[in-house]
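Asks: Okay, here's the structure, questions in a sec.
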Amino acid sequence: ANPVQNYAKSVLRMSATLEAQRFLNKTAKLGAGKFLQSESTGIFTDKIEGTGSELDGMFTTPEIAQEFQRVEENTGAFLDAYFKVIVGTKYAKTILSLGTHGKNVFGNLGFMYANGHLFEVGDLGSAMNDAYKTIKNDFRGKDNKALNERMNEYIELGIVKQSASIGEIRDMFKDANMSVAMENRLNNQKLTLKNQTLSAARETGKFFEDAYQAEDDFFKIVAFEIEKSRYAKALLGKSKSDLMTAEQETFLNEYVAAIVKNTYPTYSRVPEAIKMIRRNPLIGNFVSFQAESYRVAYNTIQLGFLESSSDNPEIRKIGAKRLAGAASYQAGKSAVIAAFGVAVGVGAQGLVGMFSDSEEEKQRRKDIRLFSPDWTQKANLLMLRFGDGKFAFIDVSSSDPYGNFDRIANSIIEGESIGESFGDALFQIVEPFIGVDIATRRFGNIAYNRKDTGGKIYNEADTYLEQGKDILKYLYEGTIEPGTFKSIRKIYNSDDKLVELVGQLTGLKPYRIDVREQLGYRLRDLQKDLVSARNIRYEDVNRANEQLFIKEQEVAELMHAAERNGVPKEDIFKIAKEARLGVANYTRIYRGEKPNLTEPK
């Protein structure tokens, strides 16, 4: 057994046990003299033992004693169930999502481009053909002996069957004991209808898993064959198809495999520290892939520089292509994003926009960020339209394997001060590893009745039955529902089905933002803060005025940003009124005047 795995599990169990004991100790104090007695009397006949808490030695009814003694057992069962929810959610939103499969292909093209593999026109076609044949044979039945041997060779070299996302999910299944539980259930001789359904579901899931892995393996095989062609010429002075000695073949294969594993995400290279983060039930979404994107980006650039400084002219050519691929990949993205931004009137982004755009264009981009979803705040946005109180964009960074580097760079560029830039950039570096887990975030949103986009999950004024339906729908769509079903629904409901289809298949989905709607959500959230700030006057009226003005400045910024986005002033005031800001307040806030609270009588 993996000692690090066991340590992580032990810490989690110990934490659960500690919390259970705190609960029982508090119960002992609250129940003393009521449903807990210091000695046996009346119906309180059973002595509590073995809980490791202050309850031990107290007397209660047999039913209560039994349940108290099962608290730790129930806590363990809850944790196991919660682990299953987490892994099931990630499985449904990735492996069972055609959109994520398309995103996987799109992202691997980015790795190929950055390593200069797409520039090798002469070798690219044959490498892709070899990879396709090998993957097809492995995926469909393994009836070709030569191709089976080739796949086994790739496996021994460690370049295939190493998807970072698949590896993480499979390990999560092991942690949650889901695979074992299903196998035990399906190994029964009598397959009931329920078990037959489980069997069919398992086969469907396996098909999607194999497809996801095959997508990853295809690009790594292509990369391996291209690098082998490059280095056969550079190191041995011959093409890879020429006869080599067994020693030369082994040396070349291992040399090239090391390059591929260092420049493409490989689960076996994920540090144990990152795998420990993955086991935390509250934070982290596919941390293995995020860690690998950092590692391979660094290795690609470092390898390019090492190759470019080699004494071997052929290796210098390889290095030049690799560095050119990495540089032109970033430059090409920036050029496309800038072209779309200039076309709709918001200017370029990144360093280009920093030096070339007008103050008005920079302000427009800030206004767009104010009303955009949280997860797009520092991303590179390809603008599709802007004006009339609405705008649309594509989050380019979401499908880019190096997308978090864009967010880090934008954090530095868009900061108002050196301290803010540094802090935002540092947060973007670590955010993939500390961000709230998908399922955990959904449960948290229910507690606050707020979707990620700002809207309400349920109507507090509705009946409990309708509220329950809305909550269940929200949980289903966010956790259990396969991503493919959600993609189909979005395409069906879209006015532009072709654009939505392309977006769902590549991950380059268009976001359409209604500023009026978002302004309403944000003002309703801030209204609660304004009330809290006003209540400070019961303690200190001067401090209340100071804190209230700080919050009112946030409101004013939103109102003016909405106006710059094309929302008429009368609409803004109407939305402020609906958010219960009060006529006298929102007109004063809009003008930027300070509040003048007085001491309460």
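Just remember, in the structure tokens the first chain shown is A, the second B, etc., residues are 1-based per chain, and ligands are 1-based in the order shown.
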Step one, run DSSP on the backbone; step two, keep only residues of range 348-500 of chain A assigned to helix (DSSP H, G or I); then write them as number ranges by chain.
Replies: A: 350-356, 359-370, 374-376, 396-399, 403-414, 418-434, 438-448, 464-480, 483-493, 497-500
Asks: Please list as a PyMOL selection string every residue within 12 Å of Lys34 in chain A, counting only C-alpha atoms and excluding residues in the same chain fewer than 2 positions away.
Replies: chain A and resi 27-32+36-38+41+43-44+58-61
Asks: Okay, now the selection with C-alpha atoms, as a CSV table (one decimal), in the first residue's frame?
Replies:
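The resulting part.csv:
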chain,number,residue,atom,x,y,z
A,27,THR,CA,-24.2,16.8,23.6
A,28,ALA,CA,-23.0,15.5,27.0
A,29,LYS,CA,-23.3,19.1,28.4
A,30,LEU,CA,-26.6,19.9,26.8
A,31,GLY,CA,-28.3,16.6,27.7
A,32,ALA,CA,-27.1,16.3,31.3
A,36,LEU,CA,-28.7,11.9,30.0
A,37,GLN,CA,-28.3,10.8,33.7
A,38,SER,CA,-25.4,10.2,35.9
A,41,THR,CA,-33.0,5.5,36.7
A,43,ILE,CA,-36.1,4.5,31.4
A,44,PHE,CA,-32.4,5.6,31.5
A,58,MET,CA,-23.6,8.4,31.5
A,59,PHE,CA,-27.0,6.6,31.3
A,60,THR,CA,-29.7,7.0,28.7
A,61,THR,CA,-32.4,5.0,26.9
Asks: Any idea what's packed within 7 Å of Ile480 in chain A, counting only C-alpha atoms, ignoring anything in its chain fewer than 5 positions away? Could you give it as a list in words?
Replies: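 Contacts, in chain order: Gly88, Thr89 and Ala92 of chain A.
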Asks: Quick one: residues within 12 Å of range 326-337 of chain A, only C-alpha atoms counted, chain neighbours fewer than 5 positions away excluded, as a CSV table (one decimal) with N, CA and C atoms, in the first residue's frame?
Replies:
chain,number,residue,atom,x,y,z
A,109,LEU,N,-3.6,19.4,-29.2
A,109,LEU,CA,-3.1,20.1,-30.4
A,109,LEU,C,-2.2,21.2,-29.9
A,110,GLY,N,-2.6,21.9,-28.8
A,110,GLY,CA,-1.8,22.9,-28.2
A,110,GLY,C,-0.4,22.4,-27.8
A,111,PHE,N,-0.3,21.3,-27.2
A,111,PHE,CA,1.0,20.7,-26.8
A,111,PHE,C,1.8,20.4,-28.1
A,112,MET,N,1.2,19.9,-29.1
A,112,MET,CA,1.9,19.6,-30.3
A,112,MET,C,2.4,20.8,-31.0
A,113,TYR,N,1.6,21.9,-31.0
A,113,TYR,CA,2.0,23.1,-31.6
A,113,TYR,C,3.2,23.7,-30.9
A,114,ALA,N,3.1,23.7,-29.5
A,114,ALA,CA,4.2,24.4,-28.7
A,114,ALA,C,5.5,23.6,-28.8
A,115,ASN,N,5.5,22.3,-29.2
A,115,ASN,CA,6.7,21.6,-29.3
A,115,ASN,C,7.2,21.5,-30.8
A,116,GLY,N,6.5,22.3,-31.6
A,116,GLY,CA,6.9,22.3,-33.0
A,116,GLY,C,6.6,21.1,-33.8
A,117,HIS,N,5.8,20.2,-33.3
A,117,HIS,CA,5.5,18.9,-34.0
A,117,HIS,C,4.6,19.1,-35.2
A,118,LEU,N,3.8,20.2,-35.2
A,118,LEU,CA,2.9,20.4,-36.3
A,118,LEU,C,3.7,21.0,-37.5
A,119,PHE,N,4.9,21.4,-37.2
A,119,PHE,CA,5.8,22.0,-38.3
A,119,PHE,C,6.5,20.9,-39.1
A,263,THR,N,7.4,16.6,-21.9
A,263,THR,CA,6.7,17.7,-22.6
A,263,THR,C,5.2,17.5,-22.9
A,296,VAL,N,5.1,20.7,-17.8
A,296,VAL,CA,5.5,20.5,-19.2
A,296,VAL,C,5.8,21.8,-19.9
A,297,ALA,N,5.2,22.9,-19.5
A,297,ALA,CA,5.4,24.2,-20.0
A,297,ALA,C,6.9,24.6,-19.7
A,298,TYR,N,7.3,24.4,-18.5
A,298,TYR,CA,8.7,24.7,-18.1
A,298,TYR,C,9.7,23.8,-18.8
A,299,ASN,N,9.4,22.5,-18.9
A,299,ASN,CA,10.3,21.6,-19.6
A,299,ASN,C,10.4,21.9,-21.1
A,300,THR,N,9.3,22.3,-21.7
A,300,THR,CA,9.3,22.6,-23.1
A,300,THR,C,10.3,23.7,-23.4
A,301,ILE,N,10.1,24.8,-22.7
A,301,ILE,CA,11.0,26.0,-22.9
A,301,ILE,C,12.5,25.6,-22.5
A,302,GLN,N,12.6,25.0,-21.4
A,302,GLN,CA,14.0,24.6,-21.0
A,302,GLN,C,14.7,23.7,-22.0
A,303,LEU,N,13.9,22.7,-22.5
A,303,LEU,CA,14.5,21.8,-23.5
A,303,LEU,C,14.8,22.6,-24.8
A,304,GLY,N,13.9,23.5,-25.2
A,304,GLY,CA,14.2,24.3,-26.4
A,304,GLY,C,15.5,25.0,-26.3
A,305,PHE,N,15.8,25.7,-25.1
A,305,PHE,CA,17.0,26.4,-24.9
A,305,PHE,C,18.2,25.5,-24.9
A,319,GLY,N,15.8,22.4,-31.5
A,319,GLY,CA,15.5,23.5,-30.5
A,319,GLY,C,14.9,24.7,-31.1
A,320,ALA,N,15.3,25.1,-32.2
A,320,ALA,CA,14.8,26.3,-32.9
A,320,ALA,C,13.3,26.1,-33.2
A,321,LYS,N,12.9,24.9,-33.7
A,321,LYS,CA,11.5,24.6,-34.0
A,321,LYS,C,10.7,24.6,-32.7
A,342,VAL,N,-10.5,44.4,-31.1
A,342,VAL,CA,-10.5,45.7,-31.8
A,342,VAL,C,-11.7,45.8,-32.7
A,343,ALA,N,-12.2,44.7,-33.3
A,343,ALA,CA,-13.4,44.8,-34.2
A,343,ALA,C,-14.6,45.2,-33.4
A,344,VAL,N,-14.8,44.8,-32.2
A,344,VAL,CA,-16.0,45.1,-31.4
A,344,VAL,C,-15.8,46.3,-30.5
A,346,VAL,N,-13.3,46.9,-28.0
A,346,VAL,CA,-12.8,46.8,-26.6
A,346,VAL,C,-11.3,46.7,-26.6
A,347,GLY,N,-10.7,46.8,-27.8
A,347,GLY,CA,-9.2,46.8,-27.9
A,347,GLY,C,-8.6,45.4,-27.7
A,348,ALA,N,-7.3,45.4,-27.6
A,348,ALA,CA,-6.5,44.1,-27.5
A,348,ALA,C,-6.4,43.8,-26.0
A,349,GLN,N,-5.8,42.7,-25.7
A,349,GLN,CA,-5.6,42.3,-24.3
A,349,GLN,C,-4.1,42.0,-24.1
A,350,GLY,N,-3.7,41.8,-22.8
A,350,GLY,CA,-2.3,41.4,-22.6
A,350,GLY,C,-1.4,42.6,-22.8
A,351,LEU,N,-0.1,42.3,-23.1
A,351,LEU,CA,0.9,43.3,-23.3
A,351,LEU,C,0.5,44.2,-24.4
A,352,VAL,N,0.0,43.6,-25.5
A,352,VAL,CA,-0.4,44.4,-26.7
A,352,VAL,C,-1.4,45.5,-26.3
A,353,GLY,N,-2.4,45.1,-25.6
A,353,GLY,CA,-3.4,46.1,-25.2
A,353,GLY,C,-2.9,47.1,-24.1
A,379,ALA,N,-9.1,35.4,-17.5
A,379,ALA,CA,-8.9,34.6,-18.7
A,379,ALA,C,-8.7,35.5,-19.9
A,380,ASN,N,-8.2,35.0,-21.0
A,380,ASN,CA,-8.2,35.7,-22.3
A,380,ASN,C,-9.5,35.5,-22.9
A,381,LEU,N,-10.2,36.6,-23.2
A,381,LEU,CA,-11.6,36.6,-23.8
A,381,LEU,C,-11.5,37.0,-25.2
A,382,LEU,N,-12.1,36.2,-26.1
A,382,LEU,CA,-12.3,36.5,-27.5
A,382,LEU,C,-13.6,37.1,-27.6
A,383,MET,N,-13.7,38.4,-27.8
A,383,MET,CA,-14.9,39.2,-27.8
A,383,MET,C,-15.7,39.0,-29.1
A,384,LEU,N,-17.0,38.7,-29.0
A,384,LEU,CA,-17.9,38.5,-30.2
A,384,LEU,C,-18.8,39.7,-30.4
A,393,PHE,N,-18.7,36.6,-25.4
A,393,PHE,CA,-17.2,36.3,-25.6
A,393,PHE,C,-17.0,34.8,-25.5
A,394,ILE,N,-15.8,34.4,-25.9
A,394,ILE,CA,-15.4,33.0,-25.7
A,394,ILE,C,-14.2,33.0,-24.8
A,395,ASP,N,-14.3,32.2,-23.7
A,395,ASP,CA,-13.1,32.1,-22.8
A,395,ASP,C,-12.1,31.1,-23.5
A,396,VAL,N,-11.1,31.8,-24.1
A,396,VAL,CA,-10.1,31.0,-24.8
A,396,VAL,C,-9.2,30.2,-23.9
A,397,SER,N,-9.0,30.7,-22.7
A,397,SER,CA,-8.1,30.1,-21.7
A,397,SER,C,-8.6,28.8,-21.2
A,400,ASP,N,-7.4,26.0,-23.4
A,400,ASP,CA,-6.0,26.1,-23.7
A,400,ASP,C,-5.2,25.3,-22.6
A,401,PRO,N,-4.3,24.4,-23.0
A,401,PRO,CA,-3.6,23.6,-22.0
A,401,PRO,C,-2.6,24.5,-21.2
A,402,TYR,N,-2.3,25.7,-21.8
A,402,TYR,CA,-1.4,26.6,-21.1
A,402,TYR,C,-2.3,27.8,-20.6
A,403,GLY,N,-3.6,27.6,-20.5
A,403,GLY,CA,-4.5,28.8,-20.2
A,403,GLY,C,-4.2,29.5,-18.9
A,405,PHE,N,-1.4,30.2,-17.6
A,405,PHE,CA,-0.3,31.2,-17.8
A,405,PHE,C,-0.9,32.5,-18.3
A,406,ASP,N,-2.0,32.5,-19.1
A,406,ASP,CA,-2.7,33.7,-19.5
A,406,ASP,C,-3.3,34.4,-18.3
A,409,ALA,N,-0.5,36.1,-16.3
A,409,ALA,CA,0.0,37.3,-17.0
A,409,ALA,C,-1.0,38.4,-16.9
Asks: When you count only C-alpha atoms, which of these residues is closest to Gly237 in chain A: A:Thr204, A:Ser40, A:Thr266, A:Asn312?
Replies: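 The shortest atom-to-atom distance to Gly237 in chain A comes from A:Asn312.
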